[in-house]
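Trainee: Next up is a structure, given as structure tokens.
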Amino acid sequence: MSNPNIPTPHITAREGDFARTVLMPGDPLRARFIAETYLENPVLVNDVRGVQGYTGDYQGKRVSVMASGMGMPSIGIYSYELFNFYGVEAIIRIGSAGAMSEKLKLRDIVAGMSAYTNSSFGRQFGFEGNLAPCCDYGLLQSAVEAGRSLGQELVVGPIYSSDVFYDESGAAAKLQKLGVLAVEMEAAALYLNAARAGKKALCLCTISDSIVTGEALDAENRQKTFTRMMEIALSIA
């Protein structure tokens with residue numbers, strides 16, 4: 001019996017079009033780059049609002065890649081529909097992040113063990129305390145091992161998922177004192193949706209800029225040169 005929720009308002013893929021693991025960059029152009037560079041016989045399975053999703057093969061495994069857009073509301077929609085309607089079991093976010101730690105350099109890869117957040121996304125679950133969104137340990141362990149085999153040591157620790165890009169609150173300075181590694185805008189919602197659905201999630205981010213040094217990579221570099229992170233994610237998909 002077909003799923004009555006498919007297609008969704010945001011995804012026109014058919015039932016079975018997605019693999020059990022989906023790689024999820026924020027940028028649709030990065031999704032296309034991954035599909036065209038790494039996947040054999042990639043098929044475009046979604047293009048609603050230009051949010052491109054592809055399914056193909058990587059080293060004998062069926063893998064999907066689809067963009068999430070920017071921010072927690074956006075990844076919240078796509079990850080919810082993939083987990084709950086399309087039978088996806090794991091989502092690996094492969095994004096960019098701003099370094100908050102002076103120990104991080106441009107192009108370092110951070111694995112978000114937990115995600116601090118200023119978002120109200122978690123309030124929908126009815127818990128009155130402070131939620132602590134975490135990744136799936138199995139995916140994290142596999143990513144660390146895959147990175148080492150490729151000569152890339154991952155930096156593992158807490159990240160900060162912010163609802164605000166141009167932030168006047170001074171939150172970054174306070175979180176730096178707590179050892180938070182980097183800031184991005186999606187992981188907390190992804191981790192919470194995975195927890196609620198009983199599925200798996202991990203956020204890998206390449207450092208694209210630093211609030212410590214002021215250094216930054218341009219959009220083309222973010223789109224096309226974060227290949228080591230992509231290869232780590234593909235190897236554990």
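A note on labels: chains of the structure tokens are A, B, ... as shown, every chain counts residues from 1, and ligands are counted from 1 in their shown order.
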Find the spatial neighbours of stretch 96-111 of chain A, counting only C-alpha atoms, within a cut-off of 6 Å - ignore same-chain residues fewer than 2 positions away - and output them as a PyMOL selection string.

Mentor: chain A and resi 154-156+181-184+203-211

Trainee: Given the selection you just returned, output its residues as a file containing C-alpha atoms, formatted as a PDB file, in the first residue's frame.

Mentor:
```
ATOM      1  CA  LEU A 154      38.033  15.336  12.813  1.00  0.00           C
ATOM      2  CA  VAL A 155      37.602  17.853  15.610  1.00  0.00           C
ATOM      3  CA  VAL A 156      34.781  16.500  17.789  1.00  0.00           C
ATOM      4  CA  LEU A 181      33.813  24.848  18.580  1.00  0.00           C
ATOM      5  CA  ALA A 182      31.841  26.479  15.800  1.00  0.00           C
ATOM      6  CA  VAL A 183      28.554  28.086  14.797  1.00  0.00           C
ATOM      7  CA  GLU A 184      26.151  26.903  12.079  1.00  0.00           C
ATOM      8  CA  CYS A 203      26.489  17.018  11.412  1.00  0.00           C
ATOM      9  CA  LEU A 204      29.879  17.393   9.745  1.00  0.00           C
ATOM     10  CA  CYS A 205      30.974  20.948   9.002  1.00  0.00           C
ATOM     11  CA  THR A 206      34.018  22.339   7.243  1.00  0.00           C
ATOM     12  CA  ILE A 207      35.271  25.596   8.698  1.00  0.00           C
ATOM     13  CA  SER A 208      34.587  28.265   6.081  1.00  0.00           C
ATOM     14  CA  ASP A 209      35.262  31.346   8.195  1.00  0.00           C
ATOM     15  CA  SER A 210      36.449  32.342  11.635  1.00  0.00           C
ATOM     16  CA  ILE A 211      34.967  34.832  14.047  1.00  0.00           C
TER      17      ILE A 211
END
```

Trainee: Residues near A:Ile77, anyone? I mean within 10 Å using only C-alpha atoms, not counting same-chain ones fewer than 6 positions away, as a list in words.

Mentor: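 Answer for this query is Pro9, His10, Ile11, Ser68, Gly69, Ala189, Leu190 and Asn193 of chain A.
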
Trainee: Go ahead and dump the residues you just picked, all heavy atoms, as a PDB file, in the first residue's frame.

Mentor:
```
ATOM      1  N   PRO A   9       4.323  18.271   0.475  1.00  0.00           N
ATOM      2  CA  PRO A   9       4.271  19.624  -0.092  1.00  0.00           C
ATOM      3  C   PRO A   9       5.631  20.138  -0.570  1.00  0.00           C
ATOM      4  O   PRO A   9       5.688  21.083  -1.355  1.00  0.00           O
ATOM      5  CB  PRO A   9       3.762  20.470   1.079  1.00  0.00           C
ATOM      6  CG  PRO A   9       3.035  19.517   1.955  1.00  0.00           C
ATOM      7  CD  PRO A   9       3.787  18.233   1.847  1.00  0.00           C
ATOM      8  N   HIS A  10       6.719  19.497  -0.121  1.00  0.00           N
ATOM      9  CA  HIS A  10       8.049  20.032  -0.417  1.00  0.00           C
ATOM     10  C   HIS A  10       8.938  19.078  -1.199  1.00  0.00           C
ATOM     11  O   HIS A  10      10.010  19.470  -1.646  1.00  0.00           O
ATOM     12  CB  HIS A  10       8.749  20.399   0.901  1.00  0.00           C
ATOM     13  CG  HIS A  10       7.889  21.201   1.817  1.00  0.00           C
ATOM     14  ND1 HIS A  10       7.147  20.637   2.836  1.00  0.00           N
ATOM     15  CD2 HIS A  10       7.624  22.527   1.834  1.00  0.00           C
ATOM     16  CE1 HIS A  10       6.468  21.591   3.455  1.00  0.00           C
ATOM     17  NE2 HIS A  10       6.734  22.731   2.874  1.00  0.00           N
ATOM     18  N   ILE A  11       8.510  17.830  -1.349  1.00  0.00           N
ATOM     19  CA  ILE A  11       9.303  16.819  -2.043  1.00  0.00           C
ATOM     20  C   ILE A  11       8.386  16.046  -2.992  1.00  0.00           C
ATOM     21  O   ILE A  11       7.386  15.467  -2.555  1.00  0.00           O
ATOM     22  CB  ILE A  11       9.966  15.835  -1.060  1.00  0.00           C
ATOM     23  CG1 ILE A  11      10.854  16.579  -0.056  1.00  0.00           C
ATOM     24  CG2 ILE A  11      10.786  14.796  -1.816  1.00  0.00           C
ATOM     25  CD1 ILE A  11      11.430  15.690   1.047  1.00  0.00           C
ATOM     26  N   SER A  68      19.279  21.099   2.112  1.00  0.00           N
ATOM     27  CA  SER A  68      18.357  21.414   3.211  1.00  0.00           C
ATOM     28  C   SER A  68      17.904  22.851   3.200  1.00  0.00           C
ATOM     29  O   SER A  68      16.976  23.221   3.930  1.00  0.00           O
ATOM     30  CB  SER A  68      19.045  21.147   4.559  1.00  0.00           C
ATOM     31  OG  SER A  68      20.052  22.129   4.811  1.00  0.00           O
ATOM     32  N   GLY A  69      18.552  23.719   2.394  1.00  0.00           N
ATOM     33  CA  GLY A  69      18.321  25.142   2.532  1.00  0.00           C
ATOM     34  C   GLY A  69      18.998  25.655   3.796  1.00  0.00           C
ATOM     35  O   GLY A  69      19.746  24.930   4.456  1.00  0.00           O
ATOM     36  N   ALA A 189      18.056  21.234  14.956  1.00  0.00           N
ATOM     37  CA  ALA A 189      16.755  20.777  14.457  1.00  0.00           C
ATOM     38  C   ALA A 189      16.864  19.387  13.846  1.00  0.00           C
ATOM     39  O   ALA A 189      15.982  18.535  14.039  1.00  0.00           O
ATOM     40  CB  ALA A 189      16.204  21.762  13.424  1.00  0.00           C
ATOM     41  N   LEU A 190      17.935  19.132  13.117  1.00  0.00           N
ATOM     42  CA  LEU A 190      18.146  17.802  12.539  1.00  0.00           C
ATOM     43  C   LEU A 190      18.256  16.752  13.635  1.00  0.00           C
ATOM     44  O   LEU A 190      17.615  15.691  13.564  1.00  0.00           O
ATOM     45  CB  LEU A 190      19.414  17.801  11.684  1.00  0.00           C
ATOM     46  CG  LEU A 190      19.863  16.440  11.150  1.00  0.00           C
ATOM     47  CD1 LEU A 190      18.813  15.836  10.229  1.00  0.00           C
ATOM     48  CD2 LEU A 190      21.208  16.564  10.444  1.00  0.00           C
ATOM     49  N   ASN A 193      14.786  16.152  15.273  1.00  0.00           N
ATOM     50  CA  ASN A 193      13.890  15.374  14.416  1.00  0.00           C
ATOM     51  C   ASN A 193      14.307  13.912  14.364  1.00  0.00           C
ATOM     52  O   ASN A 193      13.460  13.016  14.355  1.00  0.00           O
ATOM     53  CB  ASN A 193      13.862  15.955  13.001  1.00  0.00           C
ATOM     54  CG  ASN A 193      12.839  17.054  12.833  1.00  0.00           C
ATOM     55  OD1 ASN A 193      12.037  17.316  13.731  1.00  0.00           O
ATOM     56  ND2 ASN A 193      12.854  17.719  11.689  1.00  0.00           N
TER      57      ASN A 193
END
```

Trainee: If DSSP is run on the backbone, what residues of stretch 7-209 of chain A are alpha helix (DSSP H)? A reply as a ChimeraX atom specification would be ideal.

Mentor: /A:28-38,72-84,137-149,171-176,187-197

Trainee: What's the 8 Å shell around A:Ala67, counting only C-alpha atoms, without same-chain residues fewer than 3 positions away, as a ChimeraX atom specification?

Mentor: /A:24-28,30-31,51-53

Trainee: Write the residues of the preceding selection, restricted to N, CA and C atoms, as a PDB file, in the first residue's frame.

Mentor:
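File selection33.pdb, as written:
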```
ATOM      1  N   MET A  24      23.172  15.677   3.357  1.00  0.00           N
ATOM      2  CA  MET A  24      22.375  16.894   3.276  1.00  0.00           C
ATOM      3  C   MET A  24      23.232  18.151   3.441  1.00  0.00           C
ATOM      4  N   PRO A  25      23.725  18.693   2.326  1.00  0.00           N
ATOM      5  CA  PRO A  25      24.339  20.014   2.369  1.00  0.00           C
ATOM      6  C   PRO A  25      23.249  21.079   2.419  1.00  0.00           C
ATOM      7  N   GLY A  26      23.601  22.285   2.793  1.00  0.00           N
ATOM      8  CA  GLY A  26      22.616  23.354   2.767  1.00  0.00           C
ATOM      9  C   GLY A  26      22.334  23.830   1.358  1.00  0.00           C
ATOM     10  N   ASP A  27      23.371  23.923   0.554  1.00  0.00           N
ATOM     11  CA  ASP A  27      23.332  24.542  -0.766  1.00  0.00           C
ATOM     12  C   ASP A  27      22.895  23.543  -1.842  1.00  0.00           C
ATOM     13  N   PRO A  28      21.834  23.839  -2.611  1.00  0.00           N
ATOM     14  CA  PRO A  28      21.437  22.948  -3.702  1.00  0.00           C
ATOM     15  C   PRO A  28      22.550  22.728  -4.726  1.00  0.00           C
ATOM     16  N   ARG A  30      25.704  22.570  -4.071  1.00  0.00           N
ATOM     17  CA  ARG A  30      26.631  21.589  -3.499  1.00  0.00           C
ATOM     18  C   ARG A  30      26.057  20.184  -3.641  1.00  0.00           C
ATOM     19  N   ALA A  31      24.747  20.053  -3.503  1.00  0.00           N
ATOM     20  CA  ALA A  31      24.115  18.744  -3.711  1.00  0.00           C
ATOM     21  C   ALA A  31      24.352  18.261  -5.136  1.00  0.00           C
ATOM     22  N   VAL A  51      15.383  22.915  -4.636  1.00  0.00           N
ATOM     23  CA  VAL A  51      16.087  22.118  -3.624  1.00  0.00           C
ATOM     24  C   VAL A  51      16.332  20.744  -4.230  1.00  0.00           C
ATOM     25  N   GLN A  52      17.518  20.599  -4.796  1.00  0.00           N
ATOM     26  CA  GLN A  52      17.809  19.424  -5.607  1.00  0.00           C
ATOM     27  C   GLN A  52      18.146  18.207  -4.750  1.00  0.00           C
ATOM     28  N   GLY A  53      17.533  17.078  -5.110  1.00  0.00           N
ATOM     29  CA  GLY A  53      17.815  15.813  -4.470  1.00  0.00           C
ATOM     30  C   GLY A  53      18.150  14.771  -5.521  1.00  0.00           C
TER      31      GLY A  53
END
```

Trainee: Have a look at atom CA of A:Asp47 and atom CA of A:Ala13 and let me know their distance in Å, one decimal.

Mentor: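 Computing the Euclidean distance for atom CA of A:Asp47 and atom CA of A:Ala13 yields 8.8 Å.
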
Trainee: Just asking: which residues within stretch 26-103 of chain A are strand (DSSP E or B) according to DSSP, as a PyMOL selection string?

Mentor: chain A and resi 40-46+53-58+61-66+90-99

Trainee: For A:Gln141, which of A:Ile236, A:Met185, A:Glu40, A:Phe127 is the closest residue, counting only C-alpha atoms?

Mentor: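 Smallest distance to A:Gln141 is found for A:Ile236.
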
Trainee: Nearest to A:Arg196: which of A:Gly76, A:Ala219, A:Asn3, A:Glu15 is it, counting only C-alpha atoms?

Mentor: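 When distances to A:Arg196 are compared using only C-alpha atoms, the smallest one comes from A:Gly76.
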
Trainee: Residues within 9 Å of A:Leu139, please, as a ChimeraX atom specification. Count only C-alpha atoms; anything in the same chain fewer than 3 positions from it doesn't count.

Mentor: /A:90,92,135-136,142-144,200-202,236-237

Trainee: Write the residues you've just listed into a file as a CSV table (one decimal), in the first residue's frame, and include N, CA and C atoms for each of them.

Mentor:
```
chain,number,residue,atom,x,y,z
A,90,ALA,N,19.0,7.5,8.1
A,90,ALA,CA,20.1,8.4,8.6
A,90,ALA,C,20.3,9.6,7.7
A,92,ILE,N,23.1,12.7,7.2
A,92,ILE,CA,24.4,13.3,7.5
A,92,ILE,C,24.4,14.7,6.9
A,135,CYS,N,24.2,13.9,18.4
A,135,CYS,CA,24.2,13.1,17.2
A,135,CYS,C,24.1,11.6,17.5
A,136,ASP,N,24.1,10.8,16.5
A,136,ASP,CA,24.1,9.4,16.7
A,136,ASP,C,25.6,8.9,16.9
A,142,SER,N,32.0,6.2,13.3
A,142,SER,CA,32.4,5.8,11.9
A,142,SER,C,33.0,7.0,11.2
A,143,ALA,N,32.5,8.2,11.4
A,143,ALA,CA,33.1,9.3,10.7
A,143,ALA,C,34.5,9.6,11.2
A,144,VAL,N,34.8,9.5,12.5
A,144,VAL,CA,36.1,9.7,13.0
A,144,VAL,C,37.1,8.7,12.4
A,200,LYS,N,18.8,8.3,12.8
A,200,LYS,CA,20.2,8.7,13.1
A,200,LYS,C,20.5,9.9,12.4
A,201,ALA,N,21.4,10.8,13.0
A,201,ALA,CA,21.8,12.0,12.4
A,201,ALA,C,23.2,12.4,12.8
A,202,LEU,N,23.9,13.0,12.0
A,202,LEU,CA,25.3,13.5,12.3
A,202,LEU,C,25.5,14.8,11.5
A,236,ILE,N,30.7,6.6,5.0
A,236,ILE,CA,29.9,6.0,6.1
A,236,ILE,C,28.4,5.9,5.7
A,237,ALA,N,28.0,6.3,4.5
A,237,ALA,CA,26.6,6.3,4.2
A,237,ALA,C,26.1,4.9,4.1
```

Trainee: Given only C-alpha atoms as the basis, pick out the residue of A:Val88, A:Ala172, A:Ile159, A:Met230 nearest to A:Gly112.

Mentor: A:Ile159

Trainee: Tell me, in Å to one decimal, how far atom CA of A:Met70 is from atom CA of A:Gly147.

Mentor: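 Atom CA of A:Gly147 lies at a distance of 25.8 Å from atom CA of A:Met70.
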
Trainee: Need the shell around A:Glu145: protein/DNA/RNA residues with any atom at most 12 Å away, counting only C-alpha atoms. Skip same-chain ones fewer than 4 positions apart. Format as an NGL selection string?

Mentor: :A and (138-141 or 149-154 or 232-233 or 235-236)

Trainee: So what do you get for atom CA of A:Asn46 versus atom CA of A:Ala195, distance-wise?

Mentor: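 Computing it gives 24.9 Å between the two atoms.
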